[in-house]
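Visitor: Sharing a structure below in structure tokens format, with a few things to ask.
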Amino acid sequence: MWVSILERMLKRLIVEGRLKITAPDGALHEFGPGGGPEAEVTITDTSIIKDLCQHPVMALGEGYMDGRIDCPPHKLYDFLALLIRNQQSGQMPSWFVAMDRMRVGLRGLEQRNNPLRSQSNVQHHYDISDDLYRLFLDEDMQYSCAYFRDPDMSLEDAQRAKKDHIAHKLLLKPGMKVLDIGCGWGGMALTLARDYGVHVTGVTLSENQLATAKQRAEAAGLADKTEFRLLDYRKIEDKFDRVVSVGMLEHVGFPHLQDYFAKVQDVLKPDGVALIHTIGHTAPPVPTSPWIDKYIFPGGYVPSLSEVSASVEKSGLWTADVEVLRGHYGPTLNHWRRRFEAALPKVRELGYDERFIRMWRFYLAVCEAAFEETRQGVFHLQIAHKQYAVPTTRDYLYGHDAQELLHAAQ
């Protein structure tokens with residue numbers, strides 16, 4: 001019965017390209033009209049079929065993790081991209097669509113991230129091992145979307161370009177006090193302190209990140225220009241000339257978007273400028289993947305632009321500029337995924353087993369596919385108390401004279 005149900009689901013879902021599935025008995029089943037992307041996968045255990053019918057998203061991830069669904073590592077991306085592309089145009093079961101709509105409606109209840117839960121969620125992902133992240137991130141340990149001014153840029157150059165792009169939007173002056181909400185391993189804070197002469201206070205809920213950020217500041221001779229705290233953003237009480245937050249809003253949760261921007265409004269000085277860098281949807285709200293929520297980012301939520309804009313409006317802040325970075329996070333994740341695969345011997349030396357490796361591979365591949373196949377990108381929200389806190393054009397950011405215009409504006 002479950003085999004028949006799965007076949008009917010796939011016939012309705014795969015309307016572009018072709019999906020080839022080898023069953024446990026060796027039989028080959030094909031779905032889709034062909035003439036487009038193709039992918040192959042093997043089901044090694046019949047027990048996964050019922051799960052795929054009842055909980056397709058969770059079962060897909062867990063089935064790959066435990067080997068009941070198998071696909072060569074170099075073909076996993078093609079398989080996931082084909083499924084995600086067809087999910088946008090094919091037909092998912094009506095109960096699945098209804099469940100997604102219900103989860104969107106209940107997102108205010110699912111993601112109540114109080115300070116204690118927020119810290120637990122962050123530590124679940126970031127406190128596993130700094131050594132693991134060093135294996136696939138750039139040398140500065142930037143764990144967010146890079147900025148590929150040129151598609152052939154190295155990951156290191158693209159991450160430096162990201163930091164510079166953000167710094168220019170902050171309109172920094174030497175001696176300013178800057179708050180970095182969700183400072184990670186300190187890379188952004190150290191760059192701003194070293195290259196722009198500002199003092200940066202970084203807050204994080206990850207003990208590993210806090211320790212590493214402090215160590216890096218000492219090693220770089222920037223301990224006097226930086227301060228790192230293990231602190232929930234809601235407990236910040238100081239005032240700052242500038243606020244920057246990169247890849248942290250996704251951890252806030254839908255019910256707390258307004259709280260987040262209210263806090264930015266509260267800590268930002270009257271002439272201040274904030275730059276918020278976050279993953280977002282240029283489409284109506286969608287629920288968080290249950291697999292991502294369970295295994296990767298518990299409590300996380302990728303907001304739609306409409307949700308973010310509504311929260312900024314309620315804060316009373318000016319939306320000075322909004323930039324949507326498209327086509328940057330897919331390549332970033334591709335770099336991470338290839339580096340992770342190349343580093344597998346070292347990953348195993350760190351003590352990670354094959355189930356973890358398959359989980360991490362699935363995570364990187366499915367996220368890359370989501371950025372390439374859905375209306376998901378990165379938002380740069382430049383916000384301020386006053387209309388003229390930033391230049392009225394983007395000339396200070398682009399062109400050969402950008403730096404001269406930036407200094408003139410300051």
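By order of appearance in the structure tokens: chains A, B, ..., then residues from 1 within every chain, and ligands from 1 in the order shown.
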Pick out each residue of region 163-346 of chain A that DSSP on the backbone tags as strand (DSSP E or B); I need them as a ChimeraX atom specification.

Guide: /A:177-181,199-204,226-230,240-246,268-281,304,318-325

Visitor: So which residues touch Asn334 (chain A) within 12 Å, counting only C-alpha atoms, skipping near sequence neighbours fewer than 2 positions away, as a ChimeraX atom specification?

Guide: /A:74,77,136-137,145-146,154-155,327-332,336-341,361,363-372

Visitor: For the alpha helix (DSSP H) assignment from backbone DSSP, which residues of region 41-286 of chain A qualify? Please present them as a tab-separated table (two decimals) with N, CA, C and O atoms, in the first residue's frame.

Guide:
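Wrote states-v1.tsv, looks like this:
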chain	number	residue	atom	x	y	z
A	47	SER	N	11.39	0.13	5.01
A	47	SER	CA	10.75	0.81	6.14
A	47	SER	C	10.65	2.31	5.93
A	47	SER	O	9.80	2.97	6.54
A	48	ILE	N	11.51	2.88	5.07
A	48	ILE	CA	11.48	4.33	4.86
A	48	ILE	C	10.30	4.76	4.01
A	48	ILE	O	9.90	5.93	4.03
A	49	ILE	N	9.71	3.85	3.26
A	49	ILE	CA	8.64	4.21	2.33
A	49	ILE	C	7.42	4.75	3.07
A	49	ILE	O	6.86	5.79	2.69
A	50	LYS	N	7.01	4.11	4.13
A	50	LYS	CA	5.88	4.61	4.92
A	50	LYS	C	6.20	5.98	5.49
A	50	LYS	O	5.35	6.89	5.47
A	51	ASP	N	7.42	6.16	5.99
A	51	ASP	CA	7.80	7.45	6.55
A	51	ASP	C	7.77	8.55	5.51
A	51	ASP	O	7.35	9.68	5.78
A	52	LEU	N	8.23	8.24	4.29
A	52	LEU	CA	8.22	9.23	3.21
A	52	LEU	C	6.80	9.66	2.86
A	52	LEU	O	6.56	10.81	2.49
A	53	CYS	N	5.87	8.74	2.96
A	53	CYS	CA	4.48	9.06	2.67
A	53	CYS	C	3.85	9.92	3.77
A	53	CYS	O	3.06	10.82	3.49
A	54	GLN	N	4.21	9.64	5.01
A	54	GLN	CA	3.58	10.32	6.13
A	54	GLN	C	4.29	11.61	6.53
A	54	GLN	O	3.64	12.59	6.91
A	56	PRO	N	7.24	13.41	4.67
A	56	PRO	CA	8.24	13.40	3.59
A	56	PRO	C	9.50	14.21	3.86
A	56	PRO	O	10.60	13.75	3.53
A	57	VAL	N	9.36	15.39	4.43
A	57	VAL	CA	10.54	16.24	4.64
A	57	VAL	C	11.46	15.64	5.70
A	57	VAL	O	12.67	15.51	5.50
A	58	MET	N	10.89	15.28	6.84
A	58	MET	CA	11.69	14.69	7.90
A	58	MET	C	12.27	13.35	7.47
A	58	MET	O	13.45	13.05	7.72
A	59	ALA	N	11.46	12.52	6.82
A	59	ALA	CA	11.92	11.19	6.42
A	59	ALA	C	13.03	11.26	5.39
A	59	ALA	O	13.94	10.42	5.39
A	60	LEU	N	12.97	12.24	4.52
A	60	LEU	CA	14.02	12.38	3.50
A	60	LEU	C	15.37	12.62	4.16
A	60	LEU	O	16.37	11.96	3.84
A	61	GLY	N	15.40	13.57	5.11
A	61	GLY	CA	16.66	13.86	5.79
A	61	GLY	C	17.13	12.73	6.67
A	61	GLY	O	18.30	12.33	6.63
A	62	GLU	N	16.21	12.18	7.48
A	62	GLU	CA	16.61	11.10	8.37
A	62	GLU	C	16.95	9.83	7.59
A	62	GLU	O	17.86	9.08	7.97
A	63	GLY	N	16.21	9.58	6.49
A	63	GLY	CA	16.49	8.41	5.68
A	63	GLY	C	17.88	8.46	5.07
A	63	GLY	O	18.58	7.44	5.00
A	64	TYR	N	18.30	9.67	4.65
A	64	TYR	CA	19.66	9.79	4.11
A	64	TYR	C	20.69	9.64	5.23
A	64	TYR	O	21.73	8.99	5.05
A	65	MET	N	20.41	10.24	6.39
A	65	MET	CA	21.35	10.16	7.51
A	65	MET	C	21.65	8.72	7.91
A	65	MET	O	22.80	8.37	8.18
A	73	PRO	N	27.69	10.98	-2.83
A	73	PRO	CA	27.85	12.35	-2.35
A	73	PRO	C	27.87	13.40	-3.45
A	73	PRO	O	27.26	14.47	-3.30
A	74	HIS	N	28.51	13.09	-4.59
A	74	HIS	CA	28.61	14.08	-5.64
A	74	HIS	C	27.31	14.25	-6.42
A	74	HIS	O	27.20	15.15	-7.26
A	75	LYS	N	26.31	13.39	-6.14
A	75	LYS	CA	25.03	13.50	-6.82
A	75	LYS	C	23.89	13.92	-5.88
A	75	LYS	O	22.76	14.08	-6.32
A	76	LEU	N	24.22	14.10	-4.61
A	76	LEU	CA	23.17	14.45	-3.64
A	76	LEU	C	22.55	15.81	-3.97
A	76	LEU	O	21.32	15.96	-3.89
A	77	TYR	N	23.37	16.77	-4.33
A	77	TYR	CA	22.82	18.10	-4.64
A	77	TYR	C	21.81	18.00	-5.79
A	77	TYR	O	20.73	18.60	-5.73
A	78	ASP	N	22.15	17.26	-6.84
A	78	ASP	CA	21.24	17.14	-7.98
A	78	ASP	C	19.90	16.55	-7.56
A	78	ASP	O	18.84	17.00	-8.02
A	79	PHE	N	19.94	15.56	-6.70
A	79	PHE	CA	18.72	14.92	-6.21
A	79	PHE	C	17.86	15.91	-5.43
A	79	PHE	O	16.65	16.06	-5.69
A	80	LEU	N	18.47	16.64	-4.52
A	80	LEU	CA	17.70	17.58	-3.69
A	80	LEU	C	17.21	18.77	-4.50
A	80	LEU	O	16.08	19.23	-4.32
A	81	ALA	N	18.04	19.25	-5.42
A	81	ALA	CA	17.63	20.39	-6.26
A	81	ALA	C	16.44	20.01	-7.14
A	81	ALA	O	15.52	20.81	-7.35
A	82	LEU	N	16.45	18.77	-7.65
A	82	LEU	CA	15.33	18.31	-8.48
A	82	LEU	C	14.04	18.27	-7.66
A	82	LEU	O	12.98	18.72	-8.12
A	83	LEU	N	14.11	17.75	-6.43
A	83	LEU	CA	12.93	17.70	-5.58
A	83	LEU	C	12.43	19.10	-5.24
A	83	LEU	O	11.22	19.39	-5.31
A	84	ILE	N	13.33	19.99	-4.86
A	84	ILE	CA	12.93	21.33	-4.46
A	84	ILE	C	12.35	22.10	-5.64
A	84	ILE	O	11.34	22.81	-5.50
A	85	ARG	N	12.97	21.97	-6.80
A	85	ARG	CA	12.44	22.65	-7.99
A	85	ARG	C	11.02	22.18	-8.29
A	85	ARG	O	10.13	22.98	-8.57
A	86	ASN	N	10.81	20.89	-8.23
A	86	ASN	CA	9.48	20.36	-8.54
A	86	ASN	C	8.47	20.67	-7.44
A	86	ASN	O	7.26	20.78	-7.72
A	87	GLN	N	8.94	20.84	-6.22
A	87	GLN	CA	8.02	21.22	-5.15
A	87	GLN	C	7.41	22.59	-5.42
A	87	GLN	O	6.30	22.88	-4.98
A	88	GLN	N	8.13	23.44	-6.18
A	88	GLN	CA	7.62	24.76	-6.50
A	88	GLN	C	6.54	24.71	-7.58
A	88	GLN	O	5.67	25.58	-7.65
A	89	SER	N	6.58	23.67	-8.43
A	89	SER	CA	5.65	23.63	-9.57
A	89	SER	C	4.78	22.38	-9.61
A	89	SER	O	3.72	22.38	-10.23
A	94	SER	N	-2.59	17.22	-0.68
A	94	SER	CA	-3.38	18.30	-0.08
A	94	SER	C	-3.16	18.37	1.43
A	94	SER	O	-3.12	19.47	2.00
A	95	TRP	N	-2.99	17.21	2.07
A	95	TRP	CA	-2.77	17.23	3.51
A	95	TRP	C	-1.43	17.86	3.87
A	95	TRP	O	-1.29	18.53	4.91
A	96	PHE	N	-0.43	17.68	2.98
A	96	PHE	CA	0.89	18.28	3.21
A	96	PHE	C	0.79	19.80	3.11
A	96	PHE	O	1.34	20.53	3.94
A	97	VAL	N	0.09	20.28	2.09
A	97	VAL	CA	-0.11	21.73	1.92
A	97	VAL	C	-0.85	22.30	3.11
A	97	VAL	O	-0.51	23.37	3.64
A	98	ALA	N	-1.90	21.59	3.56
A	98	ALA	CA	-2.68	22.05	4.71
A	98	ALA	C	-1.82	22.09	5.98
A	98	ALA	O	-1.92	23.02	6.78
A	99	MET	N	-0.96	21.09	6.14
A	99	MET	CA	-0.09	21.06	7.31
A	99	MET	C	0.90	22.22	7.29
A	99	MET	O	1.15	22.85	8.33
A	100	ASP	N	1.45	22.53	6.12
A	100	ASP	CA	2.36	23.67	6.00
A	100	ASP	C	1.65	24.97	6.38
A	100	ASP	O	2.20	25.82	7.08
A	101	ARG	N	0.43	25.13	5.88
A	101	ARG	CA	-0.32	26.34	6.20
A	101	ARG	C	-0.60	26.43	7.69
A	101	ARG	O	-0.53	27.52	8.28
A	102	MET	N	-0.89	25.31	8.31
A	102	MET	CA	-1.14	25.30	9.74
A	102	MET	C	0.12	25.69	10.51
A	102	MET	O	0.06	26.47	11.47
A	103	ARG	N	1.26	25.17	10.07
A	103	ARG	CA	2.51	25.49	10.76
A	103	ARG	C	2.88	26.95	10.59
A	103	ARG	O	3.46	27.56	11.50
A	104	VAL	N	2.56	27.54	9.44
A	104	VAL	CA	2.78	28.98	9.28
A	104	VAL	C	1.91	29.74	10.28
A	104	VAL	O	2.36	30.69	10.94
A	105	GLY	N	0.66	29.29	10.43
A	105	GLY	CA	-0.23	29.96	11.36
A	105	GLY	C	0.18	29.81	12.80
A	105	GLY	O	-0.09	30.69	13.64
A	107	ARG	N	3.36	29.50	13.83
A	107	ARG	CA	4.78	29.81	14.04
A	107	ARG	C	5.00	30.71	15.25
A	107	ARG	O	6.08	30.72	15.85
A	108	GLY	N	3.96	31.47	15.62
A	108	GLY	CA	4.09	32.31	16.81
A	108	GLY	C	4.18	31.50	18.08
A	108	GLY	O	4.75	31.95	19.08
A	109	LEU	N	3.63	30.28	18.07
A	109	LEU	CA	3.69	29.42	19.24
A	109	LEU	C	4.92	28.52	19.21
A	109	LEU	O	5.54	28.25	20.24
A	110	GLU	N	5.29	28.04	18.01
A	110	GLU	CA	6.40	27.10	17.88
A	110	GLU	C	7.75	27.74	18.23
A	110	GLU	O	8.67	27.05	18.65
A	115	PRO	N	15.09	33.70	26.66
A	115	PRO	CA	16.56	33.70	26.74
A	115	PRO	C	17.18	32.34	27.01
A	115	PRO	O	18.21	31.99	26.42
A	116	LEU	N	16.56	31.55	27.90
A	116	LEU	CA	17.13	30.23	28.21
A	116	LEU	C	17.05	29.30	27.00
A	116	LEU	O	18.02	28.60	26.66
A	117	ARG	N	15.91	29.27	26.34
A	117	ARG	CA	15.75	28.42	25.16
A	117	ARG	C	16.64	28.89	24.02
A	117	ARG	O	17.22	28.08	23.31
A	118	SER	N	16.78	30.20	23.88
A	118	SER	CA	17.63	30.75	22.82
A	118	SER	C	19.07	30.28	23.00
A	118	SER	O	19.74	29.90	22.04
A	119	GLN	N	19.56	30.32	24.25
A	119	GLN	CA	20.93	29.89	24.49
A	119	GLN	C	21.10	28.41	24.18
A	119	GLN	O	22.10	27.99	23.58
A	120	SER	N	20.12	27.60	24.58
A	120	SER	CA	20.19	26.17	24.28
A	120	SER	C	20.19	25.92	22.78
A	120	SER	O	20.96	25.08	22.28
A	121	ASN	N	19.36	26.66	22.03
A	121	ASN	CA	19.30	26.50	20.58
A	121	ASN	C	20.62	26.86	19.92
A	121	ASN	O	21.12	26.14	19.03
A	122	VAL	N	21.20	27.96	20.35
A	122	VAL	CA	22.47	28.41	19.76
A	122	VAL	C	23.58	27.41	20.06
A	122	VAL	O	24.38	27.05	19.18
A	123	GLN	N	23.65	26.95	21.29
A	123	GLN	CA	24.72	26.03	21.65
A	123	GLN	C	24.58	24.68	20.94
A	123	GLN	O	25.58	24.01	20.69
A	124	HIS	N	23.36	24.29	20.60
A	124	HIS	CA	23.14	23.05	19.85
A	124	HIS	C	23.93	23.06	18.55
A	124	HIS	O	24.50	22.03	18.15
A	125	HIS	N	23.99	24.21	17.89
A	125	HIS	CA	24.64	24.27	16.58
A	125	HIS	C	26.09	24.77	16.66
A	125	HIS	O	26.96	24.24	15.97
A	126	TYR	N	26.34	25.77	17.48
A	126	TYR	CA	27.63	26.43	17.43
A	126	TYR	C	28.66	25.90	18.42
A	126	TYR	O	29.85	26.18	18.29
A	130	ASP	N	34.76	24.18	17.31
A	130	ASP	CA	35.33	25.19	16.42
A	130	ASP	C	36.20	24.54	15.35
A	130	ASP	O	36.27	25.04	14.21
A	131	ASP	N	36.86	23.44	15.70
A	131	ASP	CA	37.74	22.78	14.73
A	131	ASP	C	36.97	22.28	13.51
A	131	ASP	O	37.50	22.28	12.40
A	132	LEU	N	35.73	21.85	13.71
A	132	LEU	CA	34.92	21.41	12.58
A	132	LEU	C	34.66	22.59	11.63
A	132	LEU	O	34.83	22.46	10.41
A	133	TYR	N	34.27	23.72	12.17
A	133	TYR	CA	33.98	24.88	11.33
A	133	TYR	C	35.23	25.37	10.60
A	133	TYR	O	35.14	25.85	9.46
A	134	ARG	N	36.38	25.26	11.25
A	134	ARG	CA	37.61	25.72	10.60
A	134	ARG	C	37.92	24.90	9.34
A	134	ARG	O	38.64	25.38	8.46
A	135	LEU	N	37.39	23.70	9.26
A	135	LEU	CA	37.68	22.84	8.12
A	135	LEU	C	37.01	23.31	6.83
A	135	LEU	O	37.49	23.00	5.74
A	136	PHE	N	35.89	24.02	6.94
A	136	PHE	CA	35.20	24.38	5.69
A	136	PHE	C	34.91	25.87	5.54
A	136	PHE	O	34.53	26.32	4.45
A	155	LEU	N	36.58	32.16	-1.91
A	155	LEU	CA	35.71	32.33	-0.75
A	155	LEU	C	36.29	33.39	0.18
A	155	LEU	O	35.54	34.22	0.72
A	156	GLU	N	37.61	33.37	0.38
A	156	GLU	CA	38.24	34.36	1.26
A	156	GLU	C	38.00	35.78	0.76
A	156	GLU	O	37.63	36.68	1.53
A	157	ASP	N	38.17	36.00	-0.54
A	157	ASP	CA	37.97	37.34	-1.10
A	157	ASP	C	36.50	37.75	-1.03
A	157	ASP	O	36.18	38.91	-0.76
A	158	ALA	N	35.61	36.81	-1.28
A	158	ALA	CA	34.18	37.13	-1.24
A	158	ALA	C	33.72	37.45	0.17
A	158	ALA	O	32.84	38.30	0.38
A	159	GLN	N	34.29	36.79	1.17
A	159	GLN	CA	33.93	37.12	2.55
A	159	GLN	C	34.50	38.47	2.96
A	159	GLN	O	33.85	39.23	3.68
A	160	ARG	N	35.69	38.79	2.49
A	160	ARG	CA	36.23	40.12	2.77
A	160	ARG	C	35.37	41.18	2.10
A	160	ARG	O	35.11	42.25	2.68
A	161	ALA	N	34.92	40.90	0.89
A	161	ALA	CA	34.05	41.85	0.17
A	161	ALA	C	32.74	42.05	0.92
A	161	ALA	O	32.20	43.16	0.97
A	162	LYS	N	32.20	40.98	1.52
A	162	LYS	CA	30.98	41.08	2.31
A	162	LYS	C	31.18	42.03	3.49
A	162	LYS	O	30.36	42.92	3.76
A	163	LYS	N	32.28	41.84	4.21
A	163	LYS	CA	32.53	42.68	5.38
A	163	LYS	C	32.73	44.14	5.00
A	163	LYS	O	32.23	45.05	5.67
A	164	ASP	N	33.44	44.38	3.90
A	164	ASP	CA	33.65	45.75	3.44
A	164	ASP	C	32.33	46.39	3.00
A	164	ASP	O	32.08	47.57	3.27
A	165	HIS	N	31.50	45.62	2.31
A	165	HIS	CA	30.21	46.13	1.85
A	165	HIS	C	29.35	46.56	3.04
A	165	HIS	O	28.72	47.63	3.02
A	166	ILE	N	29.34	45.75	4.07
A	166	ILE	CA	28.59	46.08	5.27
A	166	ILE	C	29.19	47.29	5.97
A	166	ILE	O	28.47	48.21	6.41
A	167	ALA	N	30.51	47.32	6.07
A	167	ALA	CA	31.18	48.44	6.74
A	167	ALA	C	30.87	49.76	6.05
A	167	ALA	O	30.63	50.78	6.71
A	168	HIS	N	30.85	49.77	4.73
A	168	HIS	CA	30.55	51.00	3.99
A	168	HIS	C	29.13	51.47	4.27
A	168	HIS	O	28.86	52.68	4.39
A	169	LYS	N	28.21	50.52	4.39
A	169	LYS	CA	26.82	50.89	4.68
A	169	LYS	C	26.66	51.43	6.10
A	169	LYS	O	25.71	52.15	6.38
A	170	LEU	N	27.58	51.10	6.98
A	170	LEU	CA	27.53	51.61	8.34
A	170	LEU	C	28.07	53.03	8.47
A	170	LEU	O	27.87	53.67	9.51
A	187	GLY	N	34.93	37.66	13.72
A	187	GLY	CA	35.55	38.15	12.50
A	187	GLY	C	35.10	39.54	12.08
A	187	GLY	O	35.94	40.39	11.72
A	188	MET	N	33.82	39.82	12.11
A	188	MET	CA	33.32	41.14	11.74
A	188	MET	C	33.81	42.20	12.72
A	188	MET	O	34.29	43.26	12.32
A	189	ALA	N	33.72	41.91	14.02
A	189	ALA	CA	34.16	42.87	15.02
A	189	ALA	C	35.64	43.20	14.86
A	189	ALA	O	36.04	44.38	14.92
A	190	LEU	N	36.47	42.19	14.66
A	190	LEU	CA	37.90	42.42	14.52
A	190	LEU	C	38.21	43.20	13.25
A	190	LEU	O	39.09	44.08	13.25
A	191	THR	N	37.50	42.93	12.17
A	191	THR	CA	37.71	43.67	10.93
A	191	THR	C	37.36	45.14	11.10
A	191	THR	O	38.11	46.04	10.68
A	192	LEU	N	36.22	45.41	11.72
A	192	LEU	CA	35.80	46.81	11.90
A	192	LEU	C	36.76	47.56	12.83
A	192	LEU	O	37.08	48.72	12.58
A	193	ALA	N	37.20	46.89	13.88
A	193	ALA	CA	38.12	47.54	14.82
A	193	ALA	C	39.48	47.80	14.16
A	193	ALA	O	40.05	48.89	14.31
A	194	ARG	N	39.98	46.84	13.41
A	194	ARG	CA	41.29	46.97	12.80
A	194	ARG	C	41.30	47.93	11.62
A	194	ARG	O	42.17	48.80	11.51
A	195	ASP	N	40.32	47.80	10.72
A	195	ASP	CA	40.35	48.53	9.46
A	195	ASP	C	39.63	49.87	9.51
A	195	ASP	O	39.87	50.73	8.65
A	196	TYR	N	38.75	50.07	10.50
A	196	TYR	CA	37.94	51.29	10.52
A	196	TYR	C	38.08	52.08	11.82
A	196	TYR	O	37.43	53.12	11.97
A	207	GLU	N	29.29	29.73	23.99
A	207	GLU	CA	30.50	29.80	24.81
A	207	GLU	C	31.75	29.55	23.96
A	207	GLU	O	32.80	30.16	24.19
A	208	ASN	N	31.64	28.63	22.99
A	208	ASN	CA	32.78	28.39	22.11
A	208	ASN	C	33.14	29.64	21.32
A	208	ASN	O	34.33	30.02	21.21
A	209	GLN	N	32.15	30.28	20.74
A	209	GLN	CA	32.41	31.48	19.95
A	209	GLN	C	32.98	32.59	20.81
A	209	GLN	O	33.88	33.31	20.40
A	210	LEU	N	32.45	32.74	22.01
A	210	LEU	CA	32.95	33.77	22.92
A	210	LEU	C	34.43	33.57	23.21
A	210	LEU	O	35.24	34.51	23.10
A	211	ALA	N	34.81	32.34	23.56
A	211	ALA	CA	36.21	32.06	23.88
A	211	ALA	C	37.11	32.30	22.68
A	211	ALA	O	38.19	32.90	22.81
A	212	THR	N	36.69	31.86	21.51
A	212	THR	CA	37.50	32.03	20.31
A	212	THR	C	37.62	33.50	19.94
A	212	THR	O	38.71	33.97	19.56
A	213	ALA	N	36.53	34.25	20.03
A	213	ALA	CA	36.58	35.68	19.70
A	213	ALA	C	37.56	36.41	20.61
A	213	ALA	O	38.35	37.25	20.15
A	214	LYS	N	37.53	36.11	21.89
A	214	LYS	CA	38.46	36.76	22.83
A	214	LYS	C	39.90	36.39	22.51
A	214	LYS	O	40.80	37.25	22.55
A	215	GLN	N	40.14	35.12	22.22
A	215	GLN	CA	41.50	34.69	21.89
A	215	GLN	C	42.00	35.37	20.63
A	215	GLN	O	43.16	35.81	20.55
A	216	ARG	N	41.14	35.48	19.64
A	216	ARG	CA	41.54	36.13	18.39
A	216	ARG	C	41.84	37.60	18.60
A	216	ARG	O	42.77	38.16	17.98
A	217	ALA	N	41.05	38.26	19.43
A	217	ALA	CA	41.29	39.68	19.71
A	217	ALA	C	42.64	39.89	20.39
A	217	ALA	O	43.39	40.82	20.03
A	218	GLU	N	42.96	39.03	21.34
A	218	GLU	CA	44.27	39.12	22.01
A	218	GLU	C	45.40	38.90	21.02
A	218	GLU	O	46.38	39.64	21.00
A	219	ALA	N	45.26	37.87	20.19
A	219	ALA	CA	46.31	37.54	19.23
A	219	ALA	C	46.52	38.64	18.21
A	219	ALA	O	47.65	38.86	17.74
A	257	LEU	N	10.49	39.02	16.33
A	257	LEU	CA	11.01	39.97	15.35
A	257	LEU	C	10.80	41.40	15.82
A	257	LEU	O	11.70	42.25	15.71
A	258	GLN	N	9.63	41.69	16.33
A	258	GLN	CA	9.36	43.05	16.80
A	258	GLN	C	10.22	43.40	18.01
A	258	GLN	O	10.71	44.53	18.13
A	259	ASP	N	10.43	42.43	18.91
A	259	ASP	CA	11.30	42.66	20.07
A	259	ASP	C	12.71	43.00	19.61
A	259	ASP	O	13.39	43.88	20.18
A	260	TYR	N	13.16	42.29	18.58
A	260	TYR	CA	14.52	42.49	18.07
A	260	TYR	C	14.71	43.91	17.56
A	260	TYR	O	15.66	44.61	17.95
A	261	PHE	N	13.81	44.36	16.70
A	261	PHE	CA	13.97	45.70	16.14
A	261	PHE	C	13.68	46.79	17.16
A	261	PHE	O	14.24	47.89	17.08
A	262	ALA	N	12.86	46.48	18.15
A	262	ALA	CA	12.65	47.43	19.24
A	262	ALA	C	13.95	47.61	20.04
A	262	ALA	O	14.27	48.72	20.49
A	263	LYS	N	14.69	46.52	20.22
A	263	LYS	CA	15.97	46.62	20.92
A	263	LYS	C	16.99	47.40	20.09
A	263	LYS	O	17.74	48.22	20.64
A	264	VAL	N	17.02	47.17	18.78
A	264	VAL	CA	17.91	47.97	17.91
A	264	VAL	C	17.56	49.45	18.05
A	264	VAL	O	18.44	50.31	18.17
A	265	GLN	N	16.28	49.76	18.03
A	265	GLN	CA	15.83	51.15	18.16
A	265	GLN	C	16.29	51.73	19.50
A	265	GLN	O	16.70	52.89	19.59
A	266	ASP	N	16.24	50.92	20.55
A	266	ASP	CA	16.56	51.38	21.89
A	266	ASP	C	18.05	51.66	22.08
A	266	ASP	O	18.42	52.64	22.73
A	267	VAL	N	18.91	50.81	21.53
A	267	VAL	CA	20.36	50.96	21.77
A	267	VAL	C	21.03	51.87	20.76
A	267	VAL	O	22.18	52.28	20.97

Visitor: Which one is closest to Ala283 (chain A): A:Ser311, A:Phe356, A:Tyr233, A:Gly377? Count only C-alpha atoms.

Guide: A:Gly377

Visitor: Can you list, as number ranges by chain, every protein, DNA or RNA residue that comes within 7 Å of region 380-389 of chain A when you count only C-alpha atoms, leaving out same-chain residues fewer than 3 positions away?

Guide: A: 270-278, 317-324

Visitor: Could you write out the selected residues, including N, CA and C atoms, as a compact mmCIF listing (two decimals), in the first residue's frame?

Guide:
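As a result, result14.txt now contains:
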# COMPACT_ATOMS: atom_id res chain seq x y z
N PRO A 270 20.67 58.66 18.54
CA PRO A 270 19.79 59.41 17.64
C PRO A 270 20.32 59.56 16.21
N ASP A 271 21.63 59.72 16.05
CA ASP A 271 22.21 59.86 14.70
C ASP A 271 22.77 58.53 14.18
N GLY A 272 22.42 57.44 14.84
CA GLY A 272 23.02 56.16 14.51
C GLY A 272 22.47 55.49 13.26
N VAL A 273 23.20 54.47 12.82
CA VAL A 273 22.84 53.68 11.65
C VAL A 273 23.03 52.21 12.01
N ALA A 274 22.09 51.38 11.58
CA ALA A 274 22.21 49.93 11.80
C ALA A 274 22.15 49.21 10.46
N LEU A 275 22.86 48.11 10.37
CA LEU A 275 22.82 47.26 9.17
C LEU A 275 22.55 45.82 9.60
N ILE A 276 21.41 45.32 9.17
CA ILE A 276 21.00 43.96 9.51
C ILE A 276 21.11 43.09 8.26
N HIS A 277 21.91 42.05 8.35
CA HIS A 277 22.15 41.10 7.26
C HIS A 277 21.46 39.80 7.66
N THR A 278 20.45 39.38 6.89
CA THR A 278 19.70 38.19 7.26
C THR A 278 19.20 37.42 6.05
N LEU A 317 11.69 53.07 13.41
CA LEU A 317 12.92 53.39 12.70
C LEU A 317 12.66 53.64 11.21
N TRP A 318 13.54 54.44 10.61
CA TRP A 318 13.51 54.64 9.17
C TRP A 318 14.12 53.43 8.47
N THR A 319 13.49 52.96 7.42
CA THR A 319 14.13 52.00 6.52
C THR A 319 14.87 52.83 5.47
N ALA A 320 16.17 53.02 5.69
CA ALA A 320 16.95 53.88 4.81
C ALA A 320 17.27 53.21 3.48
N ASP A 321 17.46 51.89 3.52
CA ASP A 321 17.78 51.18 2.28
C ASP A 321 17.54 49.69 2.51
N VAL A 322 17.11 49.01 1.47
CA VAL A 322 16.96 47.55 1.49
C VAL A 322 17.62 47.00 0.23
N GLU A 323 18.57 46.12 0.41
CA GLU A 323 19.21 45.45 -0.72
C GLU A 323 18.97 43.95 -0.60
N VAL A 324 18.56 43.33 -1.68
CA VAL A 324 18.37 41.88 -1.71
C VAL A 324 19.54 41.27 -2.47

Visitor: Could you check the closest approach to Leu249 (chain A) for each of A:Ile279, A:Ala343, A:Leu231, A:Leu333 and tell me which residue wins, using only C-alpha atoms?

Guide: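 Closest to Leu249 (chain A) of all the choices is A:Ile279.
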
Visitor: Distance CA of Met176 (chain A)-CA of Asp241 (chain A), one decimal place?

Guide: 6.0 Å
